[in-house]
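input-v3.txt (compact mmCIF, C-alpha atoms and all ligand atoms)
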# COMPACT_ATOMS: atom_id res chain seq x y z
CA MET H 21 0.00 0.00 0.00
CA PRO H 22 1.45 3.42 -0.92
CA ASP H 23 1.95 6.10 1.74
CA PHE H 24 -0.82 8.58 2.55
CA PRO H 25 -0.19 12.21 3.47
CA ALA H 26 0.60 12.92 7.12
CA GLY H 27 -2.55 13.76 9.08
CA PHE H 28 -4.80 11.71 6.76
CA ARG H 29 -7.88 10.79 8.81
CA TRP H 30 -8.66 7.06 9.04
CA GLY H 31 -12.02 6.23 10.55
CA VAL H 32 -15.09 4.05 10.66
CA SER H 33 -18.77 5.06 10.48
CA THR H 34 -22.09 3.98 11.99
CA SER H 35 -25.53 5.52 12.48
CA ALA H 36 -27.84 5.74 15.47
CA TYR H 37 -30.87 3.72 14.42
CA GLN H 38 -28.69 1.00 12.89
CA ILE H 39 -26.76 0.25 16.09
CA GLU H 40 -28.11 1.89 19.23
CA GLY H 41 -31.27 -0.04 20.10
CA ALA H 42 -32.80 1.25 23.37
CA THR H 43 -35.45 3.01 21.33
CA THR H 44 -37.76 3.64 24.29
CA VAL H 45 -35.08 4.23 26.92
CA ASP H 46 -34.41 7.51 28.76
CA GLY H 47 -37.29 9.33 27.10
CA ARG H 48 -36.33 8.89 23.43
CA GLY H 49 -39.30 9.71 21.21
CA PRO H 50 -40.39 7.63 18.20
CA SER H 51 -38.81 8.26 14.81
CA ILE H 52 -40.12 7.54 11.33
CA TRP H 53 -37.93 4.44 11.26
CA ASP H 54 -39.55 3.01 14.41
CA THR H 55 -42.93 3.46 12.77
CA PHE H 56 -41.87 2.10 9.39
CA ALA H 57 -39.97 -0.93 10.70
CA HIS H 58 -42.95 -1.98 12.80
CA GLU H 59 -45.28 -2.01 9.78
CA PRO H 60 -45.69 -5.58 8.49
CA GLY H 61 -43.91 -6.28 5.20
CA ARG H 62 -41.59 -3.28 5.22
CA ILE H 63 -38.38 -5.06 6.33
CA VAL H 64 -37.30 -8.26 4.56
CA ASP H 65 -36.72 -10.30 7.72
CA GLY H 66 -39.46 -8.63 9.77
CA SER H 67 -36.88 -7.20 12.18
CA THR H 68 -36.71 -3.70 13.68
CA GLY H 69 -33.99 -1.50 15.18
CA ASP H 70 -35.51 -1.92 18.66
CA GLU H 71 -32.37 -3.66 19.89
CA ALA H 72 -30.00 -3.47 16.87
CA CYS H 73 -26.46 -3.84 18.31
CA ASP H 74 -27.50 -2.55 21.75
CA HIS H 75 -24.75 0.02 21.36
CA TYR H 76 -26.62 2.36 23.72
CA HIS H 77 -25.66 0.02 26.56
CA ARG H 78 -22.43 -1.35 25.04
CA HIS H 79 -20.78 1.84 23.80
CA ALA H 80 -17.80 1.36 26.13
CA GLU H 81 -17.08 -2.06 24.59
CA ASP H 82 -17.47 -0.55 21.11
CA THR H 83 -15.15 2.32 21.98
CA ALA H 84 -12.56 -0.26 23.07
CA LEU H 85 -12.93 -1.87 19.63
CA LEU H 86 -12.24 1.54 18.03
CA ALA H 87 -9.18 2.00 20.21
CA GLY H 88 -7.95 -1.46 19.22
CA LEU H 89 -8.43 -0.56 15.58
CA GLY H 90 -6.28 2.52 16.08
CA VAL H 91 -8.50 4.78 13.97
CA SER H 92 -8.14 8.51 14.47
CA ALA H 93 -11.88 9.21 14.06
CA TYR H 94 -15.27 7.65 14.65
CA ARG H 95 -18.30 8.89 12.73
CA PHE H 96 -21.58 8.23 14.57
CA SER H 97 -24.97 9.91 14.27
CA VAL H 98 -27.01 11.65 16.92
CA ALA H 99 -30.63 10.48 17.10
CA TRP H 100 -32.79 13.60 16.79
CA PRO H 101 -35.63 11.91 18.78
CA ARG H 102 -33.26 11.51 21.75
CA VAL H 103 -32.47 15.24 21.75
CA GLN H 104 -36.01 16.43 20.98
CA PRO H 105 -38.42 13.52 21.50
CA THR H 106 -41.22 15.39 19.71
CA GLY H 107 -38.98 17.26 17.27
CA ALA H 108 -39.42 20.62 19.02
CA GLY H 109 -38.84 22.28 22.35
CA PRO H 110 -35.86 22.36 24.70
CA ALA H 111 -33.08 19.77 24.69
CA HIS H 112 -33.93 16.53 26.45
CA ALA H 113 -30.98 16.25 28.82
CA ALA H 114 -31.13 12.46 29.30
CA GLY H 115 -30.86 11.95 25.53
CA LEU H 116 -27.84 14.21 25.20
CA ASP H 117 -26.25 12.56 28.24
CA PHE H 118 -25.73 9.43 26.18
CA TYR H 119 -23.75 11.30 23.50
CA ASP H 120 -21.86 13.13 26.22
CA ARG H 121 -20.69 9.78 27.63
CA LEU H 122 -19.88 8.47 24.16
CA VAL H 123 -17.87 11.56 23.16
CA ASP H 124 -15.92 11.62 26.42
CA GLY H 125 -15.14 7.92 26.04
CA LEU H 126 -13.90 8.46 22.49
CA LEU H 127 -11.66 11.35 23.47
CA ALA H 128 -10.23 9.33 26.37
CA ALA H 129 -9.44 6.58 23.84
CA GLY H 130 -7.70 9.05 21.51
CA VAL H 131 -10.43 8.89 18.85
CA ASP H 132 -11.87 12.09 17.31
CA PRO H 133 -15.69 12.21 17.54
CA VAL H 134 -17.32 13.00 14.16
CA ALA H 135 -21.05 13.61 14.62
CA THR H 136 -23.74 13.39 11.93
CA LEU H 137 -26.91 15.23 12.90
CA PHE H 138 -29.40 13.56 10.58
CA HIS H 139 -29.07 9.97 9.44
CA TRP H 140 -32.76 9.55 8.50
CA ASP H 141 -34.39 9.10 11.94
CA LEU H 142 -36.77 12.07 11.82
CA PRO H 143 -38.94 12.45 14.95
CA GLN H 144 -42.34 10.98 14.10
CA ALA H 145 -44.08 14.13 15.37
CA LEU H 146 -42.37 16.15 12.62
CA GLU H 147 -43.42 13.60 10.01
CA ASP H 148 -46.98 13.95 11.25
CA ALA H 149 -46.68 17.66 10.45
CA GLY H 150 -45.50 16.93 6.88
CA GLY H 151 -41.88 15.90 7.47
CA TRP H 152 -39.36 17.18 4.94
CA LEU H 153 -42.21 18.10 2.59
CA ASN H 154 -42.91 20.89 5.10
CA ARG H 155 -40.53 23.84 4.84
CA ASP H 156 -40.76 24.34 8.60
CA THR H 157 -38.77 21.12 9.16
CA ALA H 158 -35.67 22.94 7.89
CA ALA H 159 -36.02 25.49 10.71
CA ARG H 160 -36.67 22.70 13.24
CA PHE H 161 -33.47 20.99 12.06
CA ALA H 162 -31.41 24.13 12.67
CA GLU H 163 -32.89 24.41 16.17
CA TYR H 164 -31.92 20.79 16.89
CA ALA H 165 -28.41 21.44 15.52
CA ASP H 166 -28.09 24.39 17.89
CA LEU H 167 -29.21 22.35 20.92
CA THR H 168 -26.84 19.51 20.10
CA ALA H 169 -23.86 21.76 19.46
CA ALA H 170 -24.58 23.67 22.69
CA ARG H 171 -23.87 20.43 24.54
CA LEU H 172 -21.22 18.71 22.38
CA GLY H 173 -19.73 21.58 20.37
CA ASP H 174 -16.65 21.85 22.56
CA ARG H 175 -15.62 18.23 21.84
CA VAL H 176 -16.91 17.06 18.44
CA LYS H 177 -14.09 17.46 15.90
CA LEU H 178 -16.17 17.44 12.71
CA TRP H 179 -19.91 18.06 12.30
CA ILE H 180 -21.84 16.50 9.45
CA THR H 181 -25.30 17.98 8.92
CA LEU H 182 -27.08 15.42 6.72
CA ASN H 183 -26.32 11.91 5.62
CA GLU H 184 -27.18 11.05 2.00
CA PRO H 185 -30.10 13.42 1.41
CA PHE H 186 -30.45 11.87 -2.08
CA ILE H 187 -31.17 8.42 -0.61
CA HIS H 188 -33.58 9.86 1.95
CA MET H 189 -35.44 11.66 -0.84
CA SER H 190 -35.45 8.86 -3.42
CA LEU H 191 -35.98 5.73 -1.31
CA GLY H 192 -37.92 7.36 1.52
CA HIS H 193 -40.13 9.70 -0.50
CA GLY H 194 -39.78 8.73 -4.18
CA ILE H 195 -40.34 4.97 -4.19
CA GLY H 196 -41.20 4.30 -0.55
CA THR H 197 -38.80 1.46 0.26
CA HIS H 198 -37.37 3.45 3.21
CA ALA H 199 -39.15 5.43 5.91
CA PRO H 200 -41.42 7.30 5.77
CA GLY H 201 -42.59 5.13 2.86
CA ARG H 202 -43.96 7.83 0.59
CA MET H 203 -44.26 7.11 -3.16
CA LEU H 204 -44.17 10.54 -4.76
CA LEU H 205 -41.67 9.87 -7.55
CA PHE H 206 -40.59 13.29 -8.85
CA ASP H 207 -43.04 15.14 -6.63
CA ALA H 208 -40.50 14.44 -3.88
CA PHE H 209 -38.38 17.45 -4.92
CA PRO H 210 -39.45 19.55 -1.87
CA VAL H 211 -37.73 16.92 0.28
CA ALA H 212 -34.46 17.68 -1.52
CA HIS H 213 -34.80 21.41 -1.19
CA HIS H 214 -35.95 21.44 2.43
CA GLN H 215 -33.13 19.10 3.49
CA LEU H 216 -30.61 21.36 1.78
CA LEU H 217 -32.21 24.43 3.32
CA GLY H 218 -32.04 22.72 6.72
CA HIS H 219 -28.37 21.99 6.04
CA GLY H 220 -27.66 25.66 5.28
CA LEU H 221 -29.51 26.86 8.37
CA ALA H 222 -27.76 24.24 10.49
CA VAL H 223 -24.35 25.35 9.20
CA ALA H 224 -25.11 28.84 10.54
CA ALA H 225 -26.33 27.41 13.87
CA LEU H 226 -23.20 25.27 14.22
CA ARG H 227 -20.88 28.17 13.36
CA ALA H 228 -22.45 30.17 16.19
CA ARG H 229 -21.67 27.39 18.69
CA THR H 230 -18.40 25.80 17.62
CA ALA H 231 -15.17 26.41 15.77
CA SER H 232 -15.04 22.79 14.56
CA PRO H 233 -15.33 22.19 10.81
CA VAL H 234 -18.71 21.48 9.24
CA ALA H 235 -19.55 19.08 6.40
CA ILE H 236 -22.37 17.22 4.65
CA ALA H 237 -22.16 13.56 3.59
CA ASN H 238 -23.56 12.98 0.11
CA ASN H 239 -23.99 9.69 -1.69
CA TYR H 240 -22.49 9.54 -5.18
CA SER H 241 -22.67 6.97 -7.94
CA PRO H 242 -20.82 7.57 -11.21
CA VAL H 243 -23.12 6.84 -14.12
CA ARG H 244 -22.13 4.21 -16.67
CA GLN H 245 -24.19 4.82 -19.80
CA VAL H 246 -25.40 1.54 -21.31
CA GLY H 247 -26.20 1.90 -25.03
CA ASP H 248 -25.18 4.67 -27.34
CA THR H 249 -28.34 6.34 -28.59
CA ASP H 250 -29.30 9.96 -27.93
CA ALA H 251 -32.02 8.60 -25.67
CA ASP H 252 -29.42 6.63 -23.66
CA ARG H 253 -27.31 9.77 -23.34
CA ALA H 254 -30.29 11.82 -22.15
CA ALA H 255 -31.19 9.10 -19.64
CA ALA H 256 -27.62 9.01 -18.27
CA GLN H 257 -27.58 12.81 -17.92
CA ALA H 258 -30.95 12.84 -16.14
CA TYR H 259 -29.81 10.23 -13.64
CA ASP H 260 -26.48 11.95 -13.07
CA ALA H 261 -28.24 15.27 -12.40
CA LEU H 262 -30.56 13.64 -9.91
CA HIS H 263 -28.10 11.46 -8.01
CA ASN H 264 -24.81 13.34 -8.26
CA LEU H 265 -25.46 17.01 -8.99
CA LEU H 266 -28.74 17.94 -7.31
CA PHE H 267 -27.27 17.80 -3.81
CA THR H 268 -23.86 19.29 -4.60
CA ASP H 269 -24.23 22.01 -7.25
CA PRO H 270 -26.30 24.32 -5.03
CA LEU H 271 -24.05 23.72 -2.02
CA LEU H 272 -21.01 24.78 -3.95
CA GLY H 273 -22.64 27.90 -5.34
CA ARG H 274 -23.79 26.72 -8.79
CA GLY H 275 -27.54 26.71 -8.12
CA TYR H 276 -29.66 23.69 -9.04
CA PRO H 277 -28.81 21.65 -12.15
CA ASP H 278 -31.43 20.81 -14.76
CA ALA H 279 -32.79 17.74 -12.94
CA PRO H 280 -36.06 15.83 -13.38
CA GLY H 281 -38.80 16.97 -10.99
CA LEU H 282 -37.19 20.26 -10.01
CA ASP H 283 -40.00 22.64 -9.00
CA PRO H 284 -38.89 26.31 -8.85
CA ALA H 285 -41.99 27.23 -6.81
CA VAL H 286 -40.47 25.43 -3.81
CA ILE H 287 -37.35 27.64 -3.88
CA HIS H 288 -37.90 30.97 -2.12
CA ASP H 289 -35.89 34.14 -2.70
CA GLY H 290 -32.62 33.97 -0.81
CA ASP H 291 -32.71 30.19 -0.30
CA LEU H 292 -29.83 29.52 -2.68
CA ASP H 293 -27.59 31.80 -0.62
CA VAL H 294 -28.51 29.90 2.54
CA LEU H 295 -27.73 26.54 0.90
CA ALA H 296 -24.39 27.75 -0.35
CA ALA H 297 -23.04 28.63 3.13
CA PRO H 298 -19.37 27.61 2.94
CA ILE H 299 -18.55 24.13 4.24
CA ASP H 300 -15.13 22.94 5.37
CA VAL H 301 -15.30 19.36 4.13
CA LEU H 302 -17.39 17.52 1.53
CA GLY H 303 -18.26 14.04 2.76
CA VAL H 304 -18.40 11.46 -0.03
CA ASN H 305 -20.21 8.15 0.47
CA TYR H 306 -19.43 5.75 -2.36
CA TYR H 307 -20.47 2.14 -2.91
CA ASN H 308 -20.83 1.48 -6.65
CA PRO H 309 -21.44 2.98 -10.10
CA THR H 310 -24.90 2.77 -11.70
CA GLY H 311 -25.68 1.47 -15.20
CA ILE H 312 -28.28 3.60 -16.98
CA ARG H 313 -30.02 3.38 -20.34
CA ALA H 314 -33.11 4.89 -21.96
CA PRO H 315 -36.39 3.70 -20.40
CA GLU H 316 -39.04 1.58 -22.10
CA GLU H 317 -41.95 3.47 -23.69
CA GLY H 318 -44.48 4.48 -21.05
CA SER H 319 -42.05 4.28 -18.10
CA PRO H 320 -42.75 6.83 -15.35
CA LEU H 321 -38.98 7.41 -15.09
CA PRO H 322 -36.72 9.17 -17.62
CA PHE H 323 -34.06 6.44 -17.22
CA GLU H 324 -33.76 2.72 -16.56
CA MET H 325 -31.20 1.17 -14.22
CA VAL H 326 -29.38 -1.85 -15.60
CA PRO H 327 -26.94 -4.26 -13.91
CA LEU H 328 -23.31 -3.66 -14.88
CA ASP H 329 -21.54 -6.75 -16.20
CA GLY H 330 -17.94 -7.72 -15.62
CA TYR H 331 -17.54 -6.87 -11.94
CA PRO H 332 -17.44 -9.09 -8.85
CA ARG H 333 -20.52 -8.50 -6.72
CA THR H 334 -21.23 -8.05 -3.01
CA ALA H 335 -24.00 -9.80 -1.08
CA PHE H 336 -26.18 -6.79 -1.98
CA ASP H 337 -25.45 -7.64 -5.64
CA TRP H 338 -23.67 -4.29 -5.97
CA PRO H 339 -20.73 -4.29 -8.42
CA VAL H 340 -17.30 -4.00 -6.79
CA ALA H 341 -15.78 -1.11 -8.76
CA PRO H 342 -12.97 0.77 -7.00
CA ASP H 343 -12.27 2.58 -10.28
CA GLY H 344 -15.67 4.26 -9.77
CA LEU H 345 -14.38 5.91 -6.60
CA ARG H 346 -11.32 7.31 -8.34
CA GLU H 347 -13.50 8.45 -11.25
CA LEU H 348 -15.97 10.14 -8.93
CA LEU H 349 -13.27 11.99 -6.96
CA LEU H 350 -11.73 13.22 -10.20
CA GLN H 351 -15.15 14.29 -11.50
CA LEU H 352 -15.79 16.33 -8.35
CA HIS H 353 -12.41 17.99 -8.74
CA ASP H 354 -12.97 18.73 -12.45
CA ARG H 355 -16.50 20.05 -12.00
CA TYR H 356 -16.04 22.24 -8.94
CA GLY H 357 -12.37 23.22 -9.17
CA ASP H 358 -11.38 25.66 -6.45
CA ALA H 359 -14.91 25.65 -5.04
CA LEU H 360 -14.40 22.03 -3.91
CA PRO H 361 -13.46 21.92 -0.21
CA PRO H 362 -11.27 19.09 1.10
CA VAL H 363 -13.04 15.78 0.61
CA GLN H 364 -13.34 12.96 3.12
CA VAL H 365 -14.72 9.59 2.05
CA THR H 366 -17.25 9.32 4.87
CA GLU H 367 -18.52 5.85 3.88
CA SER H 368 -16.97 3.03 1.90
CA GLY H 369 -17.69 -0.62 2.47
CA CYS H 370 -19.43 -3.81 1.42
CA ALA H 371 -21.84 -6.48 2.64
CA TYR H 372 -20.84 -10.14 2.59
CA ASP H 373 -22.42 -13.17 4.27
CA ASP H 374 -19.74 -13.52 6.94
CA VAL H 375 -20.12 -16.61 9.11
CA PRO H 376 -17.87 -17.58 12.06
CA ASP H 377 -15.93 -20.83 11.51
CA ALA H 378 -15.78 -23.73 13.99
CA GLN H 379 -13.19 -21.84 16.06
CA GLY H 380 -15.36 -18.70 16.06
CA ARG H 381 -13.06 -16.81 13.65
CA VAL H 382 -14.56 -14.73 10.88
CA ASP H 383 -12.41 -14.65 7.78
CA ASP H 384 -13.62 -12.08 5.21
CA PRO H 385 -11.07 -11.90 2.37
CA ASP H 386 -13.63 -10.38 0.00
CA ARG H 387 -14.02 -7.36 2.30
CA ILE H 388 -10.23 -6.98 2.56
CA ALA H 389 -9.96 -7.03 -1.24
CA TYR H 390 -12.78 -4.50 -1.50
CA LEU H 391 -11.22 -2.10 1.00
CA ASP H 392 -7.74 -2.52 -0.44
CA GLY H 393 -9.02 -1.58 -3.90
CA HIS H 394 -10.95 1.43 -2.66
CA VAL H 395 -8.14 2.77 -0.47
CA ARG H 396 -5.80 2.51 -3.47
CA ALA H 397 -8.35 4.36 -5.60
CA VAL H 398 -8.34 7.19 -3.05
CA HIS H 399 -4.56 7.29 -3.20
CA GLU H 400 -4.65 7.53 -6.98
CA ALA H 401 -7.08 10.44 -6.74
CA ILE H 402 -4.80 12.24 -4.27
CA THR H 403 -1.86 11.68 -6.59
CA ALA H 404 -3.92 13.20 -9.41
CA GLY H 405 -4.47 16.33 -7.28
CA VAL H 406 -7.83 15.77 -5.57
CA PRO H 407 -7.74 17.09 -1.98
CA VAL H 408 -8.86 13.94 -0.14
CA THR H 409 -8.09 14.10 3.58
CA GLY H 410 -9.89 11.11 5.09
CA TYR H 411 -11.39 7.66 4.56
CA PHE H 412 -14.05 6.03 6.78
CA VAL H 413 -15.07 2.39 6.46
CA TRP H 414 -18.76 1.59 6.62
CA SER H 415 -19.06 0.06 9.13
CA LEU H 416 -17.48 -0.66 12.50
CA LEU H 417 -20.10 -3.28 13.32
CA ASP H 418 -22.48 -5.52 11.44
CA ASN H 419 -25.75 -3.69 11.97
CA TRP H 420 -29.40 -3.21 11.04
CA GLU H 421 -29.40 -2.44 7.33
CA TRP H 422 -32.69 -0.56 6.92
CA ALA H 423 -35.18 -2.42 4.67
CA GLU H 424 -32.76 -5.38 4.56
CA GLY H 425 -32.97 -5.79 8.35
CA PHE H 426 -30.19 -8.00 9.72
CA THR H 427 -29.59 -9.81 6.41
CA LYS H 428 -26.65 -7.67 5.22
CA ARG H 429 -23.39 -7.56 7.17
CA PHE H 430 -21.11 -4.56 6.54
CA GLY H 431 -18.97 -4.68 9.70
CA LEU H 432 -15.27 -5.01 10.38
CA VAL H 433 -16.64 -6.63 13.55
CA HIS H 434 -19.11 -9.51 13.40
CA VAL H 435 -22.13 -9.21 15.69
CA ASP H 436 -24.00 -12.30 16.84
CA TYR H 437 -27.36 -10.61 17.38
CA PRO H 438 -28.95 -13.09 19.85
CA THR H 439 -25.97 -12.77 22.25
CA GLN H 440 -24.60 -9.38 21.05
CA ARG H 441 -21.14 -11.00 21.04
CA ARG H 442 -18.68 -8.93 18.99
CA THR H 443 -15.96 -10.77 17.02
CA PRO H 444 -13.42 -8.75 15.03
CA LYS H 445 -13.18 -10.15 11.48
CA SER H 446 -9.92 -10.57 9.59
CA SER H 447 -10.71 -7.25 7.86
CA TYR H 448 -10.51 -5.56 11.29
CA ALA H 449 -6.90 -6.76 11.65
CA TRP H 450 -6.17 -5.75 8.05
CA PHE H 451 -7.53 -2.22 8.57
CA ARG H 452 -5.74 -1.91 11.94
CA ASP H 453 -2.44 -2.78 10.25
CA LEU H 454 -3.11 -0.31 7.45
CA VAL H 455 -3.87 2.50 9.91
CA ARG H 456 -0.75 1.67 11.93
CA ARG H 457 1.44 1.83 8.82
O1 LIG H 501 -26.11 1.32 5.86
C1 LIG H 501 -26.11 2.34 4.93
C2 LIG H 501 -25.91 3.69 5.59
O2 LIG H 501 -26.87 3.92 6.57
C3 LIG H 501 -25.98 4.80 4.58
N1 LIG H 501 -25.10 4.54 3.47
C4 LIG H 501 -25.14 3.24 2.86
C5 LIG H 501 -25.01 2.16 3.91
C6 LIG H 501 -25.04 0.76 3.24
O3 LIG H 501 -26.24 0.57 2.56

Please lay out the structure from this file as structure tokens.
Amino acid sequence: MPDFPAGFRWGVSTSAYQIEGATTVDGRGPSIWDTFAHEPGRIVDGSTGDEACDHYHRHAEDTALLAGLGVSAYRFSVAWPRVQPTGAGPAHAAGLDFYDRLVDGLLAAGVDPVATLFHWDLPQALEDAGGWLNRDTAARFAEYADLTAARLGDRVKLWITLNEPFIHMSLGHGIGTHAPGRMLLFDAFPVAHHQLLGHGLAVAALRARTASPVAIANNYSPVRQVGDTDADRAAAQAYDALHNLLFTDPLLGRGYPDAPGLDPAVIHDGDLDVLAAPIDVLGVNYYNPTGIRAPEEGSPLPFEMVPLDGYPRTAFDWPVAPDGLRELLLQLHDRYGDALPPVQVTESGCAYDDVPDAQGRVDDPDRIAYLDGHVRAVHEAITAGVPVTGYFVWSLLDNWEWAEGFTKRFGLVHVDYPTQRRTPKSSYAWFRDLVRR
């Protein structure tokens, strides 16, 4: 493995609803994911995040795993319904106490806390008032950011406002496979704009409370056009605008791209200035490229997704394409030039069906190969001039993978859910050795 620049940040990521459990403990309110997961037929294995990895009670053990890994940073998310159980009103002290303990434990272990404010677990009370379709949710989000930073702002080393607003819009509000389960297709655009507005307002709230850098974590997927007709080209452009540009162009001062569904009536005067508040880091979550061709006649979508041939595949059936990460980082650099802040890869990882052997060891060579390829791709991008300053593996632990329940394992650490026993996989040792070097 080639050398990385001094100070490069190596980390791992998780999110609240996927690991914490304890969903009714210490006054936490319900979130849209509690509601959704409890609806029959929503989650493939019928599971919920009620217990997940029980991290709420086992955070000290998990912090010891981080210390053993030697990472310099840990990216977790704060559950909004712990801080404001009904999505409004003063901070709920018992909820923030948990993150206080977690952050202090991380610092004592020499690990920088990196906090994401919104990783999809909207308080149910806000959803009942229209959720992200309601412009007021953006203001509520800034208020929650302020309350959280008032308590943790002196110790969190990097703040991330939103996680993957594209996924929350498209799966949660476009096709309804994630909470809150709305099926609005392109009428979901207000969810994009209000999340971005909330991000901009939260940046201002955070700046007033802390000197730590502020970021957003976007999901990107380079588009591989399948077919060579004008219609295929138009389809690839439409998908690229929606997935890759819609949530980055306005942040970096270019306004919205020409994307399907964009409704100018939702954008008020002055909003674009709020969205474009300077950020210190752009978080990049990358898993795979997407194959796109022209849709069949009569399709409600202006593109069709097609499987990409010629790649190994993960247990999610996603193509393993490290070259896509290099390509994406170079594209960001080319498109935004000097407007691009330093980039940190805030999620990179893969699901495989890892099973302990007779001795209880979990050998996961496919994950090691995946990570090795993606870390090298980052190095190639740095060599080509892209300012990449960090790389976080998704995820520290096997955890509750949204609509896939417990069926997809992304962790460097295996979790036996009935006993909550944690077993570091061989990829944990591989990543530890990489970080040490
Ligand atoms: O588990 C998710 C995470 O919550 C957001 N990014 C993608 C991961 C894998 O699907």

Legend entry - Sel. within 6 Å of pt (-26.4, 2.5, -13.3), counting all atoms listed in the file, output as a VMD selection string: chain H and resid 243 to 244 309 to 312 325 to 326

Inset, instruction - Excluding Asp373 in chain H and residues on its chain fewer than 5 positions from it, collect all residues at most 10 Å away from it, counting all atoms listed in the file, and give them as a VMD selection string. - result: chain H and resid 334 to 336 384 427 to 430

Using all atoms listed in the file, which protein or nucleic acid residues come within 7 Å of range 170-182 of chain H? Drop anything in the same chain fewer than 6 positions from it, and give the result as a JSON list (two decimals) with C-alpha atoms, keeping the file's coordinate frame.
[["chain", "number", "residue", "atom", "x", "y", "z"],
["H", 120, "ASP", "CA", -21.86, 13.13, 26.22],
["H", 132, "ASP", "CA", -11.87, 12.09, 17.31],
["H", 133, "PRO", "CA", -15.69, 12.21, 17.54],
["H", 134, "VAL", "CA", -17.32, 13.00, 14.16],
["H", 135, "ALA", "CA", -21.05, 13.61, 14.62],
["H", 136, "THR", "CA", -23.74, 13.39, 11.93],
["H", 137, "LEU", "CA", -26.91, 15.23, 12.90],
["H", 138, "PHE", "CA", -29.40, 13.56, 10.58],
["H", 139, "HIS", "CA", -29.07, 9.97, 9.44],
["H", 219, "HIS", "CA", -28.37, 21.99, 6.04],
["H", 222, "ALA", "CA", -27.76, 24.24, 10.49],
["H", 229, "ARG", "CA", -21.67, 27.39, 18.69],
["H", 230, "THR", "CA", -18.40, 25.80, 17.62],
["H", 232, "SER", "CA", -15.04, 22.79, 14.56],
["H", 233, "PRO", "CA", -15.33, 22.19, 10.81],
["H", 234, "VAL", "CA", -18.71, 21.48, 9.24],
["H", 235, "ALA", "CA", -19.55, 19.08, 6.40],
["H", 236, "ILE", "CA", -22.37, 17.22, 4.65],
["H", 237, "ALA", "CA", -22.16, 13.56, 3.59]]

Padding 4 Å on each side, edges along x, y and z: where is the centre of the box around the listed atoms of ligand LIG 501 (chain H), and how long are its edges in Å to one decimal? Output it as AutoDock Vina command-line options.
--center_x -25.9 --center_y 2.7 --center_z 4.6 --size_x 9.9 --size_y 12.2 --size_z 12.0

Legend entry - Distance in Å - CA of Ala145 in chain H versus CA of Gly194 in chain H: 20.7 Å

Please provide as a PDB file with C-alpha atoms, in the frame of the given file all residues within 8 Å of Ser190 in chain H, with the sequence filter that same-chain residues fewer than 5 positions apart are discarded (counting all atoms listed in the file).
ATOM      1  CA  ILE H 195     -40.340   4.970  -4.190  1.00  0.00           C
ATOM      2  CA  GLY H 196     -41.200   4.300  -0.550  1.00  0.00           C
ATOM      3  CA  LEU H 205     -41.670   9.870  -7.550  1.00  0.00           C
ATOM      4  CA  ALA H 208     -40.500  14.440  -3.880  1.00  0.00           C
TER       5      ALA H 208
END

Inset, instruction - Could the residues that lie within 8 Å of ligand LIG 501 (chain H), counting only C-alpha atoms and all ligand atoms, be listed as a list in words? - result: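 Every residue with an atom at most 8 Å from ligand LIG 501 (chain H) is listed here: Thr34, Ser35, Gln38, His139, Asn183, Glu184, Asn239, Asn305, Tyr307, Glu367, Gly369, Cys370, Ala371, Trp414, Ser415, Asn419, Trp420, Glu421, Trp422 and Phe430 of chain H.
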